[in-house]
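Trainee: work-v2.cif is reproduced in full below (mmCIF, C-alpha atoms).
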data_target
loop_
_atom_site.label_atom_id
_atom_site.label_comp_id
_atom_site.auth_asym_id
_atom_site.auth_seq_id
_atom_site.Cartn_x
_atom_site.Cartn_y
_atom_site.Cartn_z
CA MET A 1161 96.24 155.27 85.99
CA SER A 1162 93.38 154.30 88.32
CA GLU A 1163 89.93 155.67 87.61
CA HIS A 1164 88.55 154.62 91.00
CA TYR A 1165 87.49 157.50 93.25
CA ILE A 1166 85.74 157.67 96.61
CA GLY A 1167 83.16 160.33 97.46
CA LEU A 1168 82.19 161.16 101.05
CA MET A 1169 79.23 163.34 101.93
CA SER A 1170 77.85 164.42 105.29
CA GLY A 1171 75.11 166.96 104.68
CA THR A 1172 73.08 169.44 106.65
CA SER A 1173 70.71 166.70 107.79
CA LEU A 1174 73.51 165.63 110.17
CA ASP A 1175 72.41 162.00 110.04
CA GLY A 1176 75.79 160.54 109.13
CA VAL A 1177 78.20 159.90 106.27
CA ASP A 1178 77.38 158.43 102.88
CA GLY A 1179 80.35 157.03 101.01
CA VAL A 1180 80.63 155.62 97.51
CA LEU A 1181 83.41 154.01 95.51
CA VAL A 1182 83.02 154.90 91.85
CA ASP A 1183 84.58 153.56 88.67
CA PHE A 1184 84.96 156.33 86.09
CA SER A 1185 86.82 154.17 83.56
CA ARG A 1186 83.75 153.89 81.36
CA LEU A 1187 80.49 155.68 80.80
CA PRO A 1188 78.06 155.58 82.35
CA LEU A 1189 80.08 155.68 85.57
CA LYS A 1190 79.49 152.80 87.94
CA VAL A 1191 79.02 152.92 91.72
CA LEU A 1192 80.85 149.82 92.92
CA ALA A 1193 79.92 150.16 96.59
CA HIS A 1194 77.94 152.39 98.94
CA VAL A 1195 78.18 152.64 102.70
CA ALA A 1196 76.19 154.74 105.18
CA LEU A 1197 77.59 155.28 108.67
CA PRO A 1198 75.47 157.11 111.26
CA PHE A 1199 76.95 159.72 113.55
CA ALA A 1200 77.26 158.87 117.22
CA PRO A 1201 74.84 161.06 119.22
CA ASP A 1202 77.65 163.09 120.83
CA LEU A 1203 79.27 163.86 117.48
CA LYS A 1204 75.95 164.83 115.96
CA GLN A 1205 75.26 167.17 118.88
CA SER A 1206 78.74 168.71 118.63
CA LEU A 1207 78.29 169.39 114.92
CA LEU A 1208 74.80 170.78 115.41
CA ALA A 1209 75.95 173.09 118.21
CA LEU A 1210 78.71 174.49 115.99
CA ASN A 1211 76.11 175.81 113.54
CA THR A 1212 75.45 178.68 115.94
CA PRO A 1213 77.94 180.99 117.69
CA ALA A 1214 79.12 179.93 121.15
CA ASP A 1215 82.22 179.89 123.35
CA ASN A 1216 85.49 178.17 122.50
CA GLU A 1217 84.50 177.51 118.89
CA ILE A 1218 88.02 177.08 117.48
CA HIS A 1219 88.89 174.32 119.95
CA ARG A 1220 85.52 172.59 119.63
CA SER A 1221 85.61 172.79 115.83
CA ALA A 1222 89.05 171.23 115.63
CA LEU A 1223 88.09 168.28 117.81
CA ALA A 1224 84.79 167.79 115.97
CA ALA A 1225 86.67 167.80 112.66
CA ASN A 1226 89.00 165.09 113.95
CA ALA A 1227 86.06 162.98 115.13
CA LEU A 1228 84.27 163.45 111.81
CA THR A 1229 87.42 162.46 109.93
CA ALA A 1230 87.61 159.24 111.94
CA VAL A 1231 84.12 158.35 110.67
CA TYR A 1232 85.23 159.22 107.13
CA ALA A 1233 88.20 156.86 107.48
CA LYS A 1234 85.91 154.05 108.64
CA ALA A 1235 83.69 154.64 105.61
CA VAL A 1236 86.71 154.45 103.30
CA GLN A 1237 87.83 151.16 104.85
CA ALA A 1238 84.32 149.73 104.55
CA LEU A 1239 84.26 150.63 100.85
CA LEU A 1240 87.66 149.00 100.28
CA ASP A 1241 86.52 145.88 102.13
CA ALA A 1242 83.31 145.70 100.08
CA THR A 1243 85.16 145.89 96.76
CA GLN A 1244 88.36 144.05 97.74
CA LEU A 1245 90.32 147.02 96.38
CA LYS A 1246 93.52 148.34 97.97
CA ALA A 1247 94.20 151.93 98.95
CA SER A 1248 96.81 152.12 96.18
CA GLN A 1249 94.05 151.43 93.63
CA ILE A 1250 92.09 154.56 94.60
CA ARG A 1251 93.10 157.75 92.80
CA ALA A 1252 91.59 160.13 95.37
CA ILE A 1253 88.91 160.72 97.97
CA GLY A 1254 86.53 163.66 97.60
CA ALA A 1255 85.61 164.69 101.16
CA HIS A 1256 83.12 167.52 101.41
CA GLY A 1257 83.29 168.02 105.17
CA GLN A 1258 80.47 169.24 107.40
CA THR A 1259 79.14 172.71 106.68
CA VAL A 1260 78.70 174.75 109.85
CA ARG A 1261 78.70 178.25 108.32
CA HIS A 1262 77.81 179.40 104.84
CA GLN A 1263 77.81 183.17 104.34
CA PRO A 1264 79.00 183.99 100.81
CA GLY A 1265 79.25 187.69 99.99
CA ALA A 1266 78.45 188.70 103.55
CA HIS A 1267 80.23 191.02 105.99
CA ASP A 1268 83.20 192.21 103.90
CA GLY A 1269 81.77 191.64 100.44
CA ILE A 1270 83.59 188.32 100.06
CA GLY A 1271 82.13 186.27 102.88
CA TYR A 1272 83.14 182.72 103.63
CA THR A 1273 82.05 179.12 103.94
CA THR A 1274 83.25 176.67 106.59
CA GLN A 1275 83.21 172.89 106.24
CA LEU A 1276 84.63 171.04 109.24
CA ASN A 1277 87.14 168.49 108.00
CA ASN A 1278 90.73 167.38 108.51
CA PRO A 1279 91.85 166.23 105.07
CA SER A 1280 95.47 165.91 106.20
CA LEU A 1281 94.39 163.44 108.86
CA LEU A 1282 92.17 161.56 106.39
CA ALA A 1283 95.09 161.20 103.96
CA GLU A 1284 97.23 159.96 106.86
CA LEU A 1285 94.64 157.43 108.06
CA THR A 1286 93.80 156.05 104.61
CA ASP A 1287 97.04 156.49 102.63
CA ILE A 1288 94.90 157.89 99.79
CA ALA A 1289 95.07 161.40 98.33
CA VAL A 1290 92.23 163.62 99.56
CA VAL A 1291 90.52 166.50 97.76
CA ALA A 1292 88.65 168.90 100.05
CA ASP A 1293 87.48 172.51 100.50
CA PHE A 1294 85.50 172.59 97.24
CA ARG A 1295 83.42 175.70 97.91
CA SER A 1296 85.97 178.35 98.89
CA ARG A 1297 87.48 178.99 95.46
CA ASP A 1298 84.09 179.68 93.93
CA ILE A 1299 83.34 182.18 96.73
CA ALA A 1300 86.74 183.81 96.20
CA ALA A 1301 85.70 184.27 92.57
CA GLY A 1302 82.54 186.08 93.65
CA GLY A 1303 80.23 183.07 93.65
CA GLN A 1304 77.92 181.46 96.17
CA GLY A 1305 80.07 178.35 96.49
CA ALA A 1306 76.84 176.38 96.11
CA PRO A 1307 75.26 174.39 94.75
CA LEU A 1308 78.16 172.50 93.18
CA VAL A 1309 76.28 169.44 91.92
CA PRO A 1310 74.23 170.79 88.95
CA VAL A 1311 77.00 170.10 86.41
CA PHE A 1312 77.22 166.53 87.73
CA HIS A 1313 73.44 166.20 87.60
CA GLN A 1314 73.57 167.29 83.98
CA GLY A 1315 76.05 164.56 83.11
CA VAL A 1316 74.00 161.85 84.82
CA PHE A 1317 70.34 162.84 84.36
CA ALA A 1318 70.08 165.13 81.30
CA GLN A 1319 67.73 164.07 78.52
CA GLN A 1320 68.18 165.28 74.96
CA ASN A 1321 65.80 168.09 73.96
CA GLU A 1322 63.97 167.89 77.30
CA THR A 1323 63.99 170.15 80.36
CA VAL A 1324 64.52 168.06 83.50
CA GLY A 1325 64.51 169.11 87.14
CA VAL A 1326 66.73 167.41 89.72
CA LEU A 1327 65.80 168.15 93.32
CA ASN A 1328 68.22 167.15 96.06
CA ILE A 1329 66.48 167.17 99.44
CA GLY A 1330 69.04 166.99 102.22
CA GLY A 1331 68.93 169.29 105.21
CA ILE A 1332 68.55 172.06 102.64
CA ALA A 1333 66.85 171.52 99.27
CA ASN A 1334 68.60 172.48 96.06
CA LEU A 1335 67.27 172.38 92.50
CA SER A 1336 69.19 171.76 89.27
CA VAL A 1337 67.42 172.70 86.06
CA LEU A 1338 68.80 170.79 83.08
CA GLN A 1339 67.46 172.82 80.20
CA ALA A 1340 66.49 171.41 76.83
CA ASN A 1341 69.11 173.58 75.11
CA GLY A 1342 71.93 172.06 77.19
CA ASP A 1343 72.27 174.91 79.69
CA VAL A 1344 72.09 174.24 83.41
CA ILE A 1345 71.08 176.42 86.34
CA GLY A 1346 70.85 175.55 90.00
CA PHE A 1347 70.27 177.07 93.42
CA ASP A 1348 68.99 176.38 96.92
CA CYS A 1349 65.21 176.42 97.25
CA GLY A 1350 64.96 176.56 101.04
CA PRO A 1351 64.75 174.01 103.85
CA GLY A 1352 64.76 170.33 103.06
CA ASN A 1353 64.71 167.96 106.02
CA ALA A 1354 66.34 170.31 108.55
CA LEU A 1355 63.22 171.83 110.11
CA MET A 1356 61.11 168.68 109.85
CA ASP A 1357 63.83 166.59 111.51
CA HIS A 1358 64.35 169.17 114.25
CA TRP A 1359 60.65 169.27 115.12
CA CYS A 1360 60.36 165.49 115.06
CA MET A 1361 63.29 165.16 117.45
CA GLN A 1362 62.03 167.90 119.75
CA ARG A 1363 58.49 166.57 120.04
CA ARG A 1364 58.88 162.81 119.52
CA GLY A 1365 62.53 162.06 120.29
CA LEU A 1366 62.97 160.60 116.80
CA ALA A 1367 65.68 161.62 114.34
CA PHE A 1368 63.21 161.94 111.47
CA ASP A 1369 59.58 161.41 110.48
CA ASP A 1370 59.74 157.94 108.94
CA ASN A 1371 58.16 158.13 105.47
CA GLY A 1372 56.30 161.25 106.63
CA GLN A 1373 53.72 159.20 108.54
CA TRP A 1374 53.48 161.63 111.45
CA ALA A 1375 52.99 164.58 109.12
CA ARG A 1376 50.41 162.61 107.15
CA SER A 1377 48.29 162.25 110.29
CA GLY A 1378 48.14 166.03 110.83
CA GLN A 1379 46.54 168.99 109.10
CA VAL A 1380 48.23 171.95 107.45
CA HIS A 1381 47.73 175.15 109.41
CA VAL A 1382 47.24 177.64 106.60
CA PRO A 1383 48.09 180.90 108.46
CA LEU A 1384 51.34 179.36 109.76
CA LEU A 1385 52.16 178.11 106.28
CA GLN A 1386 51.53 181.55 104.79
CA ALA A 1387 53.81 183.16 107.39
CA MET A 1388 56.61 180.73 106.53
CA MET A 1389 56.13 181.20 102.80
CA ALA A 1390 56.67 184.95 103.29
CA GLU A 1391 60.36 184.28 104.07
CA ALA A 1392 62.38 186.72 101.94
CA PHE A 1393 64.89 184.08 100.81
CA LEU A 1394 62.17 182.24 98.91
CA GLN A 1395 61.54 185.33 96.79
CA GLN A 1396 65.19 185.95 95.91
CA THR A 1397 66.29 185.23 92.37
CA PRO A 1398 69.25 182.93 91.68
CA PRO A 1399 72.12 182.64 92.22
CA LYS A 1400 71.33 182.00 95.85
CA SER A 1401 72.28 179.54 98.56
CA THR A 1402 71.38 179.06 102.18
CA GLY A 1403 71.83 176.72 105.15
CA ARG A 1404 71.25 176.37 108.86
CA ASP A 1405 72.47 179.96 109.16
CA LEU A 1406 68.88 180.88 108.16
CA PHE A 1407 66.64 177.84 108.58
CA HIS A 1408 67.38 176.90 112.17
CA PRO A 1409 65.33 176.16 115.32
CA LYS A 1410 65.13 179.85 116.29
CA TRP A 1411 63.65 180.66 112.86
CA LEU A 1412 60.93 178.09 113.47
CA ALA A 1413 60.36 179.21 117.05
CA SER A 1414 59.90 182.82 115.92
CA HIS A 1415 57.05 181.72 113.67
CA LEU A 1416 55.47 179.38 116.20
CA ALA A 1417 55.43 182.17 118.78
CA ASN A 1418 52.55 183.71 116.81
CA PHE A 1419 50.62 180.42 116.57
CA THR A 1420 50.73 178.88 120.04
CA ASN A 1421 47.48 176.96 119.50
CA VAL A 1422 48.82 174.74 116.68
CA SER A 1423 49.29 171.10 117.70
CA ALA A 1424 52.68 169.42 117.30
CA VAL A 1425 51.44 167.08 114.58
CA ASP A 1426 49.90 169.96 112.65
CA VAL A 1427 53.22 171.82 112.83
CA GLN A 1428 54.88 168.77 111.27
CA ALA A 1429 52.27 168.63 108.52
CA THR A 1430 52.75 172.35 107.88
CA LEU A 1431 56.54 172.04 107.76
CA THR A 1432 56.23 169.25 105.23
CA GLU A 1433 53.90 171.32 103.08
CA PHE A 1434 56.21 174.33 103.42
CA THR A 1435 59.18 172.28 102.23
CA ALA A 1436 57.22 170.87 99.29
CA LEU A 1437 55.79 174.23 98.20
CA ALA A 1438 59.10 176.08 98.44
CA CYS A 1439 60.60 173.50 96.08
CA ALA A 1440 57.58 173.18 93.78
CA ASN A 1441 57.28 176.94 93.32
CA ASP A 1442 60.88 177.08 92.12
CA VAL A 1443 60.26 174.19 89.72
CA LEU A 1444 57.31 176.11 88.27
CA ARG A 1445 59.34 179.32 87.99
CA TYR A 1446 62.63 178.01 86.67
CA ALA A 1447 61.96 174.54 85.19
CA TYR A 1448 58.88 175.54 83.25
CA GLY A 1449 57.78 172.77 80.93
CA ALA A 1450 59.76 170.03 82.68
CA LYS A 1451 58.04 166.68 82.39
CA GLU A 1452 60.16 165.07 85.11
CA LEU A 1453 61.40 166.08 88.54
CA ILE A 1454 64.03 163.60 89.72
CA VAL A 1455 64.31 163.62 93.52
CA CYS A 1456 67.41 162.48 95.43
CA GLY A 1457 68.80 162.83 98.94
CA GLY A 1458 67.16 161.64 102.13
CA GLY A 1459 63.96 163.53 101.34
CA ALA A 1460 63.36 161.17 98.42
CA LEU A 1461 62.66 158.47 101.03
CA ASN A 1462 59.85 160.54 102.60
CA GLY A 1463 56.80 159.23 100.75
CA PHE A 1464 54.45 161.89 102.09
CA LEU A 1465 56.80 164.70 101.08
CA THR A 1466 57.11 163.38 97.53
CA GLU A 1467 53.31 163.03 97.40
CA ARG A 1468 52.95 166.69 98.33
CA LEU A 1469 55.49 167.62 95.66
CA GLN A 1470 53.48 165.68 93.10
CA ALA A 1471 50.25 167.36 94.22
CA ALA A 1472 51.85 170.77 93.68
CA LEU A 1473 53.23 169.73 90.26
CA PRO A 1474 50.35 167.96 88.48
CA ASN A 1475 51.94 168.33 85.04
CA CYS A 1476 55.38 167.02 86.05
CA GLN A 1477 56.17 163.44 87.04
CA VAL A 1478 57.94 163.30 90.42
CA LEU A 1479 60.18 160.24 90.63
CA SER A 1480 63.11 158.90 92.61
CA SER A 1481 66.62 159.10 91.19
CA GLY A 1482 66.67 155.34 91.66
CA GLU A 1483 64.29 155.10 88.72
CA ARG A 1484 66.94 156.88 86.64
CA GLY A 1485 69.85 154.69 87.61
CA MET A 1486 71.29 156.07 90.86
CA LEU A 1487 69.89 155.52 94.34
CA PRO A 1488 68.89 158.71 96.21
CA LEU A 1489 71.51 158.39 98.96
CA GLN A 1490 74.31 157.80 96.44
CA VAL A 1491 73.89 160.90 94.29
CA GLU A 1492 75.62 163.59 96.36
CA ALA A 1493 78.49 161.36 97.47
CA THR A 1494 79.04 160.35 93.83
CA ALA A 1495 79.04 164.03 92.88
CA PHE A 1496 81.94 164.65 95.27
CA ALA A 1497 83.84 161.70 93.81
CA TRP A 1498 83.35 163.39 90.42
CA LEU A 1499 84.42 166.77 91.81
CA ALA A 1500 87.58 165.17 93.21
CA ARG A 1501 88.33 163.66 89.81
CA GLN A 1502 87.92 167.05 88.13
CA THR A 1503 90.39 168.58 90.57
CA VAL A 1504 92.95 165.80 90.15
CA LEU A 1505 92.72 166.13 86.35
CA GLY A 1506 93.07 169.92 86.53
CA LEU A 1507 89.57 170.51 85.17
CA THR A 1508 87.07 173.15 86.23
CA SER A 1509 83.88 172.02 87.92
CA ASN A 1510 81.87 175.04 89.01
CA ALA A 1511 79.16 176.51 86.82
CA PRO A 1512 79.31 180.34 86.85
CA LYS A 1513 75.67 180.57 85.71
CA VAL A 1514 74.76 178.57 88.81
CA THR A 1515 76.94 180.14 91.50
CA GLY A 1516 77.49 183.63 90.10
CA ALA A 1517 81.27 183.25 90.08
CA LYS A 1518 83.30 185.40 87.69
CA GLY A 1519 84.34 182.34 85.71
CA ALA A 1520 85.04 178.64 85.67
CA ARG A 1521 87.48 177.52 88.36
CA ILE A 1522 89.31 174.38 89.47
CA LEU A 1523 87.84 173.70 92.91
CA GLY A 1524 89.34 172.19 96.03
CA GLY A 1525 92.78 171.51 97.40
CA ILE A 1526 94.71 168.24 97.14
CA PHE A 1527 96.27 166.57 100.17
CA PRO A 1528 98.60 163.85 98.83
CA ALA A 1529 98.71 160.34 100.23
#
What is this structure when it is put down as structure tokens?

Mentor:
Amino acid sequence: MSEHYIGLMSGTSLDGVDGVLVDFSRLPLKVLAHVALPFAPDLKQSLLALNTPADNEIHRSALAANALTAVYAKAVQALLDATQLKASQIRAIGAHGQTVRHQPGAHDGIGYTTQLNNPSLLAELTDIAVVADFRSRDIAAGGQGAPLVPVFHQGVFAQQNETVGVLNIGGIANLSVLQANGDVIGFDCGPGNALMDHWCMQRRGLAFDDNGQWARSGQVHVPLLQAMMAEAFLQQTPPKSTGRDLFHPKWLASHLANFTNVSAVDVQATLTEFTALACANDVLRYAYGAKELIVCGGGALNGFLTERLQAALPNCQVLSSGERGMLPLQVEATAFAWLARQTVLGLTSNAPKVTGAKGARILGGIFPA
């Protein structure tokens, strides 16, 4: 039976799709190919708009899901072309979808999470089984439905008798703490790239602050930083998760309304410091004694951000996941290939200590080829 799986990830940064083709036939697992496909501007705008309530959402969501699935299918074909493998040689695709709402435990005590996706269409377009909707079962079991990657991080990055932190900085930042005793905890720290990218686009027309150079040229505005750091979510104890439901442009605008004299570049510098401190404070609280913080996701490519993390964590080495065997933009997609494999094999993959679920659960639904 094939041990080749594909993982597809489009995160809250909304920059595009990362896809990997992974061979699980031996350990350590091997990423055979990686592809990154950017979103067309109209698709990115459609997905971004669906993060906030508006008219005709059901219709718009369905069409956006179809368009997103078309990009997923292109990524799958690119991975097959790169490896010269056939669709019949792939056991399954793990397709996370695009999160547009994440409100576990809210409203009726159960809450919900919504990832735009059309796994039936993806199975039809690729002739490969698709595993999707990973978060809902954990929420049904009383959990946060996020983060789902700490158990995977443990398998890839754990070091014997050492506490290690793994920080994924996508649109939202989440921390996995791989404890020396073998336990693992994980949770969302706060914003990752979401606010920085939004401000960069609004003020410079650029999708992101390349290597943090714009932020580096500014100065942190301390009162604004203090106001942001007072956000209640940052003080909550795990399990906890968040998204653009909280850290969105209106959240930023509400803070900036009280500091109208701060220059655009200083806002960017302050947002970068805010992101770094929110993460570093959680490392100090929950990964006490860790000698390494392994950073992955798009934020790992922001040199200034990682410098600010290192400044806030003088006793912990901040390094890229690439220095530990897996490139930063491959980690989350590989995690969803692993999650798909767990589902296909009938194995649980959530961590109740991480999400707060009542117990271990098999996650996701399977859409056969």

Trainee: If I take CA of Ala1424 (chain A) and CA of Trp1359 (chain A), how far is one from the other in Å, to one decimal?

Mentor: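 Distance reported for this atom pair: 8.3 Å.
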
Trainee: Could you expand the PyMOL selection byres ((chain A and resi 1512-1528) around 8) into the explicit residues it covers here, written as JSON, numbers by chain?

Mentor: {"A": [1279, 1280, 1283, 1288, 1289, 1290, 1291, 1292, 1293, 1294, 1295, 1296, 1297, 1298, 1299, 1301, 1302, 1303, 1304, 1305, 1306, 1307, 1308, 1310, 1344, 1345, 1346, 1347, 1398, 1399, 1400, 1499, 1500, 1502, 1503, 1504, 1506, 1507, 1508, 1509, 1510, 1511, 1529]}

Trainee: Could you jot down the CA of Val1337 (chain A) to CA of Gly1458 (chain A) separation for me, Å, one decimal place?

Mentor: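 Atom-to-atom, CA of Val1337 (chain A) to CA of Gly1458 (chain A), that is 19.5 Å.
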
Trainee: Would you translate the PyMOL selection byres ((chain A and resi 1247-1262) around 6) into the concrete set of residues it matches in this file, as number ranges by chain?

Mentor: A: 1162, 1164-1170, 1211, 1246, 1263, 1273-1277, 1288-1292, 1496-1497, 1500

Trainee: Once the PyMOL selection byres ((chain A and resi 1328) around 9) has been evaluated on this model, what residues remain selected, and can you format them as a PyMOL selection string?

Mentor: chain A and resi 1326-1327+1329-1330+1332-1336+1352+1454-1460+1488+1491-1492

Trainee: Write out as a list in words which residues come within 12 Å of Ala1227 (chain A) when counting only C-alpha atoms, dropping same-chain ones fewer than 5 positions away.

Mentor: Phe1199, Ala1200, Asp1202, Leu1203, Lys1204, Ser1206, Leu1207, Arg1220, Ser1221, Ala1222, Tyr1232, Ala1233, Lys1234, Gly1257, Gln1258, Leu1276, Asn1277, Asn1278, Leu1281 and Leu1282 of chain A

Trainee: Record the distance separating CA of Asp1369 (chain A) and CA of Gln1395 (chain A), expressed in Å with one decimal.

Mentor: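 According to the coordinates, CA of Asp1369 (chain A) and CA of Gln1395 (chain A) are separated by 27.6 Å.
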
Trainee: Hey, what's within 12 Å of Leu1187 (chain A) if we count only C-alpha atoms and toss same-chain stuff fewer than 6 positions away? As a PDB file with C-alpha atoms, in the coordinates of the input, please?

Mentor:
ATOM      1  CA  GLU A1163      89.930 155.670  87.610  1.00  0.00           C
ATOM      2  CA  GLY A1315      76.050 164.560  83.110  1.00  0.00           C
ATOM      3  CA  VAL A1316      74.000 161.850  84.820  1.00  0.00           C
TER       4      VAL A1316
END

Trainee: Could you tell me which of A:Ala1196, A:Leu1239, A:Leu1210, A:Val1443 comes closest to Val1182 (chain A) if we count all atoms listed in the file?

Mentor: A:Leu1239

Trainee: Measuring atom to atom with all atoms listed in the file, identify which of A:Ala1225, A:Leu1465, A:Met1388, A:Cys1476 is nearest to Asn1353 (chain A).

Mentor: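 Under the stated criterion, the closest residue is A:Leu1465.
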
Trainee: With distances taken over all atoms listed in the file, which of A:Val1311, A:Leu1240, A:Ala1340, A:Ala1230 is nearest to Glu1284 (chain A)?

Mentor: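 When distances to Glu1284 (chain A) are compared using all atoms listed in the file, the smallest one comes from A:Ala1230.
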
Trainee: Measuring between only C-alpha atoms, which one of A:Val1236, A:Leu1412, A:Val1191, A:Val1324 shows the shortest distance to Gln1428 (chain A)?

Mentor: A:Leu1412

Trainee: From the set A:Ala1450, A:Ala1390, A:Ala1438, A:Leu1384, which residue has the shortest atom-to-atom contact distance to Leu1469 (chain A), counting all atoms listed in the file?

Mentor: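 Smallest distance to Leu1469 (chain A) is found for A:Ala1438.
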
Trainee: Which one is closest to Thr1420 (chain A): A:Tyr1446, A:Ala1209, A:Val1180, A:His1381? Count all atoms listed in the file.

Mentor: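 Selected residue with least distance to Thr1420 (chain A): A:His1381.
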
Trainee: For Asn1475 (chain A), find every residue with an atom within 12 Å (counting all atoms listed in the file), except residues of its own chain fewer than 3 positions away, and show them as a ChimeraX atom specification.

Mentor: /A:1440,1443-1444,1447-1453,1469-1472,1478
